$ cat my_file.cif   # mmCIF, C-alpha atoms and all ligand atoms
data_upload
loop_
_atom_site.label_atom_id
_atom_site.label_comp_id
_atom_site.auth_asym_id
_atom_site.auth_seq_id
_atom_site.Cartn_x
_atom_site.Cartn_y
_atom_site.Cartn_z
CA MET A 1 -6.36 -8.74 14.75
CA ARG A 2 -3.14 -7.99 16.55
CA LEU A 3 -2.74 -5.26 19.14
CA LEU A 4 -0.44 -3.53 16.69
CA THR A 5 -3.55 -3.03 14.58
CA HIS A 6 -5.64 -1.90 17.54
CA ASN A 7 -3.11 0.81 18.29
CA MET A 8 -3.78 2.58 15.01
CA LEU A 9 -7.58 2.45 15.09
CA SER A 10 -9.82 5.24 16.26
CA CYS A 11 -13.44 6.25 15.89
CA ASN A 12 -13.88 9.20 13.61
CA ILE A 13 -17.62 9.72 13.55
CA LYS A 14 -18.48 13.29 12.66
CA GLY A 15 -18.11 15.47 15.76
CA VAL A 16 -16.10 12.98 17.79
CA THR A 17 -12.98 14.58 19.24
CA ASN A 18 -11.71 11.75 21.39
CA GLY A 19 -12.18 8.49 19.53
CA PHE A 20 -8.96 6.85 20.75
CA PRO A 21 -8.22 4.33 22.05
CA LEU A 22 -11.09 1.98 21.34
CA ALA A 23 -12.08 -0.19 24.27
CA ILE A 24 -12.02 -3.92 23.59
CA GLU A 25 -14.75 -6.40 24.39
CA ALA A 26 -13.14 -9.74 23.66
CA THR A 27 -15.13 -12.87 22.89
CA THR A 28 -12.39 -15.02 21.38
CA VAL A 29 -8.66 -14.48 21.81
CA GLU A 30 -6.04 -16.62 20.12
CA THR A 31 -2.29 -16.87 20.38
CA LYS A 32 -0.23 -17.51 17.26
CA GLU A 33 3.50 -17.86 17.62
CA VAL A 34 5.68 -15.86 15.28
CA ASP A 35 9.42 -15.31 15.14
CA MET A 36 10.61 -12.34 17.08
CA ASN A 37 12.16 -9.53 15.10
CA PRO A 38 13.91 -7.11 17.48
CA ASP A 39 14.57 -4.62 14.66
CA PHE A 40 10.89 -4.32 13.94
CA LEU A 41 10.06 -3.94 17.63
CA ARG A 42 12.63 -1.19 18.12
CA HIS A 43 11.37 0.56 15.03
CA ILE A 44 7.71 0.43 15.94
CA PHE A 45 8.17 1.24 19.64
CA PRO A 46 8.37 5.04 19.31
CA LYS A 47 5.26 5.03 17.12
CA LEU A 48 3.10 3.22 19.68
CA GLU A 49 0.73 4.78 22.14
CA TRP A 50 2.03 2.75 25.06
CA LYS A 51 -0.84 3.28 27.50
CA ALA A 52 -3.43 2.35 24.90
CA PHE A 53 -1.41 -0.73 24.01
CA ARG A 54 -0.96 -1.82 27.61
CA ASP A 55 -4.65 -1.30 28.45
CA ALA A 56 -5.62 -3.22 25.33
CA SER A 57 -3.31 -6.08 26.33
CA HIS A 58 -5.15 -6.27 29.65
CA SER A 59 -8.46 -6.67 27.85
CA LEU A 60 -6.96 -9.67 26.09
CA GLY A 61 -5.70 -11.21 29.29
CA VAL A 62 -2.03 -10.20 29.03
CA ASP A 63 -0.81 -8.44 32.13
CA ASP A 64 2.96 -8.55 32.21
CA LEU A 65 3.73 -5.26 30.48
CA PRO A 66 5.21 -2.44 32.54
CA GLU A 67 3.28 0.79 32.98
CA GLN A 68 6.28 3.00 32.38
CA VAL A 69 8.63 2.38 29.50
CA ASP A 70 11.73 3.96 28.07
CA PRO A 71 13.74 3.11 24.97
CA ASP A 72 16.54 1.55 27.05
CA MET A 73 14.22 -1.34 27.83
CA LEU A 74 14.45 -2.36 24.18
CA LEU A 75 17.89 -3.75 24.99
CA ASP A 76 16.41 -6.15 27.52
CA GLU A 77 15.66 -9.54 25.99
CA GLU A 78 12.95 -10.37 28.52
CA PHE A 79 11.12 -7.11 27.89
CA LEU A 80 11.39 -7.58 24.12
CA ARG A 81 9.87 -11.04 24.43
CA ARG A 82 6.84 -9.77 26.36
CA PHE A 83 6.46 -6.80 24.09
CA HIS A 84 6.62 -9.05 21.02
CA HIS A 85 4.07 -11.47 22.46
CA ALA A 86 1.50 -8.82 23.35
CA LEU A 87 1.98 -6.81 20.17
CA LEU A 88 2.15 -9.54 17.54
CA GLU A 89 1.18 -12.95 18.90
CA VAL A 90 -2.06 -12.28 20.75
CA HIS A 91 -4.99 -11.94 18.35
CA LEU A 92 -8.48 -10.68 18.93
CA GLU A 93 -10.48 -13.08 16.76
CA GLU A 94 -14.04 -12.24 17.75
CA GLY A 95 -15.18 -9.20 19.67
CA VAL A 96 -16.09 -5.57 19.55
CA LEU A 97 -14.14 -2.30 19.56
CA ILE A 98 -15.93 0.51 21.35
CA CYS A 99 -15.56 4.24 20.86
CA PRO A 100 -14.67 5.85 24.21
CA GLU A 101 -16.73 8.93 23.44
CA THR A 102 -19.90 7.68 21.76
CA GLY A 103 -20.01 4.01 22.62
CA ARG A 104 -20.21 3.20 18.88
CA ARG A 105 -19.37 -0.48 18.41
CA PHE A 106 -17.11 -1.75 15.64
CA PRO A 107 -17.27 -5.51 15.12
CA VAL A 108 -14.21 -7.73 14.87
CA SER A 109 -15.09 -10.93 13.07
CA LYS A 110 -12.65 -13.70 12.15
CA GLY A 111 -9.91 -11.33 13.25
CA ILE A 112 -10.95 -8.54 10.90
CA PRO A 113 -12.01 -5.17 12.27
CA ASN A 114 -14.75 -3.40 10.35
CA MET A 115 -14.32 0.36 10.58
CA LEU A 116 -17.00 1.33 8.05
CA LEU A 117 -19.34 4.07 9.18
CA ASN A 118 -22.96 4.58 8.24
CA GLU A 119 -23.79 7.43 5.93
CA ASP A 120 -25.22 9.55 8.73
CA GLU A 121 -22.02 9.18 10.73
CA VAL A 122 -19.62 10.76 8.25
CA MET B 1 24.49 4.13 -24.70
CA ILE B 2 21.07 5.51 -24.05
CA GLU B 3 21.34 8.16 -26.73
CA ALA B 4 22.09 5.50 -29.30
CA LEU B 5 18.61 4.08 -29.04
CA SER B 6 16.17 5.31 -31.63
CA SER B 7 12.66 6.11 -30.53
CA GLU B 8 11.59 3.04 -32.46
CA ASP B 9 13.84 0.93 -30.27
CA ILE B 10 12.33 2.53 -27.29
CA LEU B 11 8.83 1.82 -28.47
CA ARG B 12 9.76 -1.75 -29.16
CA LEU B 13 11.26 -2.06 -25.72
CA GLY B 14 8.15 -0.60 -24.29
CA MET B 15 6.07 -3.15 -26.13
CA ASP B 16 8.18 -6.08 -25.04
CA PHE B 17 7.78 -4.77 -21.61
CA ALA B 18 4.00 -4.60 -21.85
CA LEU B 19 3.69 -7.99 -23.49
CA ASP B 20 5.93 -9.69 -21.05
CA VAL B 21 3.90 -8.56 -18.14
CA VAL B 22 0.45 -9.03 -19.54
CA GLU B 23 1.06 -12.46 -20.88
CA SER B 24 3.27 -14.11 -18.37
CA PRO B 25 2.22 -13.18 -14.89
CA GLN B 26 2.66 -16.84 -13.95
CA CYS B 27 6.29 -17.02 -14.73
CA SER B 28 8.62 -15.95 -12.01
CA ASP B 29 11.08 -14.60 -14.55
CA PRO B 30 12.75 -11.50 -13.30
CA LEU B 31 10.93 -8.74 -15.09
CA PRO B 32 13.82 -6.28 -15.00
CA LEU B 33 15.74 -8.73 -17.16
CA THR B 34 13.60 -8.01 -20.17
CA LEU B 35 14.57 -4.43 -19.68
CA VAL B 36 18.23 -5.02 -19.03
CA THR B 37 18.94 -7.45 -21.84
CA PRO B 38 18.57 -5.14 -24.83
CA LEU B 39 20.88 -2.64 -23.24
CA ASP B 40 23.54 -4.84 -21.81
CA TYR B 41 24.10 -8.49 -22.60
CA THR B 42 27.24 -8.81 -20.58
CA LYS B 43 26.10 -8.07 -17.05
CA PRO B 44 25.51 -11.12 -14.87
CA VAL B 45 22.11 -11.50 -13.29
CA LEU B 46 22.39 -10.66 -9.64
CA PRO B 47 19.96 -12.22 -7.18
CA SER B 48 18.87 -8.70 -6.26
CA GLN B 49 17.56 -8.27 -9.80
CA ARG B 50 15.16 -11.18 -9.46
CA ARG B 51 11.55 -10.36 -9.71
CA LYS B 52 10.17 -9.78 -6.26
CA SER B 53 6.45 -9.99 -6.38
CA ALA B 54 3.64 -12.19 -5.21
CA ASP B 55 3.39 -15.63 -6.80
CA ILE B 56 0.21 -15.44 -8.82
CA ARG B 57 -0.49 -19.11 -8.06
CA LEU B 58 -0.60 -18.32 -4.37
CA VAL B 59 -3.00 -15.40 -4.71
CA ALA B 60 -6.33 -16.27 -3.10
CA ARG B 61 -9.48 -15.90 -5.17
CA HIS B 62 -13.14 -15.26 -4.60
CA ALA B 63 -15.95 -14.57 -7.06
CA ASP B 64 -16.64 -11.19 -5.43
CA VAL B 65 -13.01 -10.10 -5.29
CA TYR B 66 -11.07 -8.39 -8.06
CA GLU B 67 -8.54 -10.80 -9.53
CA PRO B 68 -5.10 -9.45 -10.36
CA CYS B 69 -5.38 -7.95 -13.81
CA ASP B 70 -3.43 -5.67 -16.18
CA ASP B 71 -3.82 -2.75 -13.80
CA SER B 72 -2.59 -4.76 -10.81
CA PHE B 73 0.44 -5.94 -12.80
CA ALA B 74 1.15 -2.41 -13.99
CA LEU B 75 1.12 -1.16 -10.41
CA VAL B 76 3.44 -3.92 -9.18
CA ASP B 77 5.74 -3.33 -12.16
CA ALA B 78 5.80 0.37 -11.33
CA LEU B 79 6.79 -0.43 -7.76
CA LEU B 80 9.44 -2.84 -9.03
CA ALA B 81 10.75 -0.24 -11.44
CA ASP B 82 11.06 2.10 -8.47
CA ARG B 83 12.28 -0.55 -6.09
CA VAL B 84 15.79 0.74 -5.63
CA ASN B 85 14.40 4.14 -4.70
CA LEU B 86 11.80 2.55 -2.44
CA CYS B 87 14.50 0.68 -0.54
CA GLU B 88 16.53 3.85 -0.23
CA LEU B 89 13.49 5.66 1.12
CA GLN B 90 13.52 3.23 4.07
CA PRO B 91 9.79 3.37 4.65
CA SER B 92 8.43 2.64 8.12
CA ILE B 93 4.77 2.36 7.19
CA CYS B 94 3.27 1.32 3.85
CA LEU B 95 -0.47 1.45 3.18
CA GLU B 96 -2.49 -0.02 0.36
CA VAL B 97 -6.03 1.22 -0.04
CA GLY B 98 -8.41 -1.12 -1.89
CA CYS B 99 -6.23 -4.21 -1.52
CA GLY B 100 -8.62 -6.65 -3.26
CA SER B 101 -6.87 -10.01 -3.68
CA GLY B 102 -3.79 -8.79 -1.83
CA TYR B 103 -1.56 -9.23 -4.86
CA VAL B 104 -0.14 -5.70 -4.65
CA ILE B 105 0.47 -5.38 -0.90
CA THR B 106 2.01 -8.87 -0.87
CA SER B 107 4.33 -7.90 -3.72
CA LEU B 108 5.27 -4.66 -2.00
CA ALA B 109 6.01 -6.52 1.22
CA LEU B 110 8.15 -9.05 -0.67
CA MET B 111 10.15 -6.44 -2.51
CA LEU B 112 10.84 -4.44 0.66
CA ASN B 113 11.06 -7.35 3.04
CA ASN B 114 14.81 -7.28 3.39
CA THR B 115 14.57 -4.15 5.47
CA ARG B 116 12.66 -6.13 8.13
CA LYS B 117 11.42 -2.97 9.73
CA VAL B 118 8.44 -2.05 7.67
CA LYS B 119 4.85 -2.09 8.84
CA PHE B 120 2.27 -2.90 6.18
CA ILE B 121 -1.36 -1.87 6.36
CA ALA B 122 -4.11 -2.63 3.87
CA THR B 123 -7.75 -1.62 3.68
CA ASP B 124 -10.67 -2.54 1.49
CA ILE B 125 -14.31 -1.58 1.61
CA SER B 126 -15.21 -5.22 0.96
CA GLU B 127 -14.95 -7.67 3.83
CA VAL B 128 -14.38 -10.65 1.55
CA ALA B 129 -11.56 -8.75 -0.17
CA VAL B 130 -9.93 -8.23 3.22
CA LYS B 131 -10.22 -11.95 3.94
CA THR B 132 -8.76 -12.76 0.55
CA THR B 133 -5.86 -10.39 1.13
CA ARG B 134 -5.12 -12.03 4.45
CA ALA B 135 -5.13 -15.44 2.79
CA THR B 136 -2.75 -14.24 0.07
CA LEU B 137 -0.40 -12.72 2.63
CA ALA B 138 -0.50 -15.90 4.71
CA ALA B 139 0.26 -18.02 1.64
CA HIS B 140 3.44 -15.98 1.30
CA ASN B 141 4.19 -16.27 4.99
CA LEU B 142 3.49 -12.60 5.57
CA HIS B 143 1.27 -10.68 7.91
CA ALA B 144 -0.09 -7.18 7.63
CA ASP B 145 -2.71 -5.11 9.38
CA VAL B 146 -5.74 -5.55 7.18
CA LEU B 147 -9.09 -3.95 7.91
CA VAL B 148 -12.44 -3.19 6.38
CA ALA B 149 -12.55 0.54 5.82
CA ASP B 150 -13.66 3.25 3.44
CA LEU B 151 -10.30 4.47 2.09
CA ASN B 152 -8.43 5.24 5.34
CA SER B 153 -11.40 5.39 7.71
CA GLY B 154 -10.58 4.19 11.21
CA ILE B 155 -6.85 4.80 10.82
CA GLU B 156 -7.02 8.43 9.69
CA ASN B 157 -5.89 9.83 13.04
CA GLN B 158 -3.33 7.34 14.24
CA VAL B 159 -1.40 7.04 11.00
CA ALA B 160 -1.84 10.63 9.88
CA GLY B 161 1.40 11.94 8.45
CA LEU B 162 3.16 8.63 9.02
CA VAL B 163 2.68 6.73 5.77
CA ASP B 164 5.80 6.64 3.62
CA VAL B 165 4.41 4.57 0.77
CA LEU B 166 0.75 4.75 -0.23
CA VAL B 167 -0.61 2.73 -3.15
CA PHE B 168 -4.06 2.69 -4.71
CA ASN B 169 -5.44 0.86 -7.70
CA PRO B 170 -8.87 2.42 -7.50
CA PRO B 171 -12.22 1.65 -9.08
CA TYR B 172 -11.53 3.78 -12.16
CA VAL B 173 -14.04 2.66 -14.80
CA PRO B 174 -16.51 5.37 -15.85
CA THR B 175 -19.98 4.24 -14.76
CA SER B 176 -23.21 5.72 -13.53
CA GLU B 177 -23.07 7.31 -10.11
CA GLU B 178 -25.36 4.66 -8.62
CA GLU B 179 -22.91 1.86 -9.25
CA VAL B 180 -20.18 3.37 -7.07
CA GLY B 181 -19.86 1.51 -3.79
CA ILE B 182 -22.96 -0.65 -4.23
CA GLY B 183 -20.92 -3.61 -3.06
CA GLY B 184 -19.90 -6.90 -4.59
CA ILE B 185 -17.48 -7.06 -7.46
CA VAL B 186 -19.00 -3.90 -9.00
CA SER B 187 -17.38 -1.77 -6.27
CA ALA B 188 -14.03 -3.05 -7.48
CA TRP B 189 -14.24 -1.15 -10.75
CA ALA B 190 -17.19 1.26 -10.74
CA GLY B 191 -15.77 4.78 -10.59
CA GLY B 192 -18.75 6.99 -11.44
CA VAL B 193 -18.46 9.98 -13.73
CA ARG B 194 -15.16 9.77 -15.68
CA GLY B 195 -14.19 7.04 -13.22
CA ARG B 196 -13.17 9.77 -10.83
CA VAL B 197 -15.54 9.59 -7.88
CA VAL B 198 -13.42 7.37 -5.61
CA ILE B 199 -10.15 8.71 -6.99
CA ASP B 200 -11.13 12.30 -6.18
CA ARG B 201 -12.11 11.35 -2.63
CA MET B 202 -8.69 9.77 -2.26
CA LEU B 203 -6.89 12.85 -3.59
CA GLU B 204 -8.52 14.81 -0.76
CA VAL B 205 -6.90 12.69 1.95
CA VAL B 206 -3.44 11.97 0.52
CA ASP B 207 -1.96 15.07 2.12
CA SER B 208 -3.09 14.02 5.59
CA ILE B 209 -1.90 10.43 5.17
CA LEU B 210 1.58 10.88 3.76
CA SER B 211 4.70 11.56 5.79
CA SER B 212 6.93 14.42 4.71
CA LYS B 213 9.03 12.04 2.61
CA GLY B 214 6.02 9.95 1.54
CA TRP B 215 5.19 8.71 -1.96
CA PHE B 216 1.79 7.96 -3.44
CA TYR B 217 1.31 5.59 -6.39
CA LEU B 218 -2.01 5.74 -8.21
CA VAL B 219 -3.34 3.72 -11.15
CA THR B 220 -5.39 5.69 -13.66
CA VAL B 221 -6.78 5.23 -17.16
CA THR B 222 -7.05 7.86 -19.87
CA ALA B 223 -10.75 8.43 -19.15
CA ASN B 224 -9.80 9.62 -15.65
CA ASN B 225 -7.75 12.45 -17.19
CA PRO B 226 -4.44 11.75 -15.44
CA GLY B 227 -3.12 15.16 -16.48
CA GLU B 228 -5.88 16.85 -14.56
CA ILE B 229 -5.25 14.60 -11.55
CA CYS B 230 -1.62 15.73 -11.58
CA GLN B 231 -2.77 19.35 -11.72
CA ILE B 232 -5.08 18.87 -8.75
CA MET B 233 -2.24 17.31 -6.80
CA ARG B 234 0.11 20.06 -7.91
CA ARG B 235 -2.20 22.61 -6.34
CA LYS B 236 -1.95 20.59 -3.14
CA GLY B 237 1.83 20.86 -3.32
CA PHE B 238 2.67 17.52 -4.91
CA ALA B 239 4.96 16.88 -7.84
CA SER B 240 4.27 13.90 -10.05
CA ARG B 241 5.58 11.68 -12.73
CA ILE B 242 4.43 8.71 -14.77
CA VAL B 243 6.17 5.58 -13.62
CA ILE B 244 4.57 3.30 -16.18
CA GLN B 245 2.33 3.86 -19.14
CA ARG B 246 0.88 0.85 -20.84
CA SER B 247 -1.81 0.23 -23.40
CA THR B 248 -3.92 -2.87 -23.26
CA GLU B 249 -6.75 -3.80 -25.61
CA GLU B 250 -9.30 -2.05 -23.46
CA GLU B 251 -7.55 0.84 -21.86
CA SER B 252 -4.46 2.94 -21.58
CA LEU B 253 -3.10 2.65 -18.06
CA HIS B 254 -0.86 5.09 -16.25
CA VAL B 255 0.75 4.53 -12.91
CA LEU B 256 1.35 7.96 -11.44
CA LYS B 257 3.67 8.76 -8.58
CA PHE B 258 3.28 11.79 -6.33
CA TRP B 259 5.56 13.29 -3.72
CA ARG B 260 5.68 16.51 -1.76
CA ASP B 261 7.36 19.12 -3.84
CA ALA B 262 9.55 21.19 -1.56
CA SER B 263 10.65 23.62 -4.23
CA ASN B 264 7.45 23.74 -6.24
CA GLU B 265 9.84 23.49 -9.18
CA SER B 266 10.55 20.48 -11.27
CA SER B 267 13.22 18.67 -9.29
CA GLU B 268 15.14 15.98 -11.09
CA SER B 269 16.59 14.64 -7.87
CA SER B 270 13.17 13.59 -6.63
CA GLY B 271 12.93 11.19 -9.49
CA GLY B 272 12.51 12.42 -13.00
CA PRO B 273 10.39 14.77 -14.99
CA VAL B 274 7.37 16.45 -13.59
CA VAL B 275 4.24 15.86 -15.57
CA SER B 276 2.72 18.86 -17.17
CA PRO B 277 -0.59 17.96 -18.71
CA SER B 278 0.17 19.63 -21.99
CA GLY B 279 -1.29 17.31 -24.51
CA ARG B 280 -0.89 13.69 -25.42
CA ALA B 281 2.30 13.99 -27.41
CA SER B 282 4.34 15.39 -24.59
CA PHE B 283 2.69 13.01 -22.19
CA LEU B 284 3.90 10.11 -24.28
CA GLN B 285 7.32 11.61 -24.74
CA ARG B 286 7.80 12.14 -21.05
CA SER B 287 6.66 8.65 -20.36
CA LEU B 288 9.18 7.32 -22.82
CA SER B 289 11.96 9.42 -21.45
CA HIS B 290 10.99 8.14 -18.08
CA ARG B 291 10.97 4.58 -19.27
CA LEU B 292 14.53 5.22 -20.28
CA SER B 293 15.43 6.36 -16.82
CA CYS B 294 13.85 3.13 -15.52
CA LEU B 295 16.09 1.21 -17.85
CA VAL B 296 19.10 3.08 -16.64
CA SER B 297 18.32 2.38 -13.03
CA PHE B 298 18.41 -1.35 -13.68
CA LYS B 299 21.94 -1.35 -14.97
C1 LIG C 301 -9.39 -2.24 -9.16
S1 LIG C 301 -9.56 -3.12 -7.64
C2 LIG C 301 -7.85 -3.34 -7.18
C3 LIG C 301 -7.61 -4.54 -6.31
C4 LIG C 301 -6.14 -4.83 -6.01
N1 LIG C 301 -5.52 -3.74 -5.28
C5 LIG C 301 -5.39 -5.06 -7.30
O1 LIG C 301 -4.64 -4.16 -7.70
O2 LIG C 301 -5.54 -6.12 -7.90
C6 LIG C 301 -10.16 -1.84 -6.53
C7 LIG C 301 -10.35 -2.28 -5.07
O3 LIG C 301 -10.74 -1.15 -4.29
C8 LIG C 301 -11.76 -1.50 -3.38
N2 LIG C 301 -12.50 -0.28 -3.07
C9 LIG C 301 -13.44 0.34 -3.80
N3 LIG C 301 -13.88 1.45 -3.17
C10 LIG C 301 -13.18 1.53 -2.00
C11 LIG C 301 -13.19 2.45 -0.90
N4 LIG C 301 -13.99 3.52 -0.88
N5 LIG C 301 -12.36 2.20 0.15
C12 LIG C 301 -11.55 1.13 0.15
N6 LIG C 301 -11.50 0.23 -0.87
C13 LIG C 301 -12.31 0.43 -1.93
C14 LIG C 301 -12.55 -2.55 -4.12
O4 LIG C 301 -13.28 -3.37 -3.23
C15 LIG C 301 -11.45 -3.31 -4.86
O5 LIG C 301 -10.96 -4.38 -4.09
#

$ encode --input "my_file.cif" --output "structure tokens"
Amino acid sequence: MRLLTHNMLSCNIKGVTNGFPLAIEATTVETKEVDMNPDFLRHIFPKLEWKAFRDASHSLGVDDLPEQVDPDMLLDEEFLRRFHHALLEVHLEEGVLICPETGRRFPVSKGIPNMLLNEDEV
Amino acid sequence: MIEALSSEDILRLGMDFALDVVESPQCSDPLPLTLVTPLDYTKPVLPSQRRKSADIRLVARHADVYEPCDDSFALVDALLADRVNLCELQPSICLEVGCGSGYVITSLALMLNNTRKVKFIATDISEVAVKTTRATLAAHNLHADVLVADLNSGIENQVAGLVDVLVFNPPYVPTSEEEVGIGGIVSAWAGGVRGRVVIDRMLEVVDSILSSKGWFYLVTVTANNPGEICQIMRRKGFASRIVIQRSTEEESLHVLKFWRDASNESSESSGGPVVSPSGRASFLQRSLSHRLSCLVSFK
């Protein structure tokens, strides 16, 4: 699971008002190189929750992303490279995603997050 | 040129169309060609008219995962028939619910890939389906965000109002209520009463998923009462049309398309006639007239 995926996940158990972002407990992290696509990065940038993304990258051992960002940075090759790496190349293979409000744990197994809820949670 | 075709011609075209797709999913022949040829023999085949869909030989399989079937092909053909419009829409986020083997999301990614800006998301309630989808995407050198979820659970907040293209080939077979969602391959087709249980749950969330310009493609069979589905969506402010109607030995499939109807009137510019569920004859007629507009768009 890439951090791009993590950025769109939240816990929506009945009654939960603040289920985003999910904390990450990483057991296995892998890096898979992919070609960089600046167009995609520029397109997706405004749709990202940056703080959630940066915090998540920390949980996976990536710590070279700036705290503050603005769209001008998307012109900087070095920034794009880091952004690309953290967003698309670092994968959470095994671990758990944890709801910030309830502590509900969602497993990530073989890179696949399981967001199914039990019947009494919906 | 179009007017010169008799309705018999049109029916024949429609049948060629159906046969071609049902019988030769393996061949990478450009599907639109079968549509273009009868109308215009002289036009050269442009690379952009090539069929852009997943290679069936590269689609991963598993005993508990729905294999691409008539309904999957109908959905991909509907997307292909609408491909020019889809490219013009310039979607940012596309979501497939119930991705199964991954045949559909892979095809959608391939046909839109040239934009290089699109984010693809797929969900399935079955974990092995999600794995299979990932394998199919990987075999085509693609990557998407794939997760185990009930419809859009887990992404309902973060992608709310952001999805430009939503596709769903649901479990639509009428079954007993107990069979719905019991897991395994049964969940792939068991749709409960009139095959509508999962479909109706989906209809409830479409409004919150789709962006203002978003489109929703849904596979249905006659038993689901597609006319009524269109009416339900109409009440929610969505216009609709049939993109493809196709009869197989077992069922009559419709691929429906929905979009937000700004005017609440039938608007030709949004892509053809609005479906009014006024009996089978007009349903068929509208479908045929639409098939014609598909043909035209391939010129
Ligand atoms: C008819 S199959 C279609 C598979 C694939 N999209 C295709 O067209 O070949 C329906 C798929 O929906 C999945 N499904 C059923 N109920 C679901 C739900 N509530 N949420 C997500 N997926 C579901 C099934 O596991 C199955 O893979």

$ residues_near_point --input "my_file.cif" --point "(0.0, 2.7, 25.8)" --cutoff "10 Å" --atoms "all atoms listed in the file" --output "count of residues only"
17

$ interface_residues --input "my_file.cif" --of "chain A" --to "chain B" --cutoff "6 Å" --atoms "all atoms listed in the file" --output "VMD selection string"
chain A and resid 5 8 to 11 40 112 to 116

$ residues_near_ligand --input "my_file.cif" --ligand "ligand LIG 301 (chain C)" --cutoff "9 Å" --atoms "all atoms listed in the file" --output "ChimeraX atom specification"
/B:64-76,96-105,123-130,148-153,167-173,180-181,183-191,198-199,201-202,219

$ atom_distance --input "my_file.cif" --atom1 "atom CA of Trp215 of chain B" --atom2 "atom CA of Gly195 of chain B"
22.5 Å

$ residues_around --input "my_file.cif" --residues "Lys52 of chain B" --least-positions-apart "3" --cutoff "8 Å" --atoms "only C-alpha atoms" --output "PyMOL selection string"
chain B and resi 30+80+107+110-111

$ atom_distance --input "my_file.cif" --atom1 "atom CA of Ala23 of chain A" --atom2 "atom CA of Glu78 of chain A"
27.4 Å

$ closest_residue --input "my_file.cif" --among "B:Glu249, B:Val205, B:Val163, B:Glu178" --to "Lys47 of chain A" --atoms "only C-alpha atoms"
B:Val163
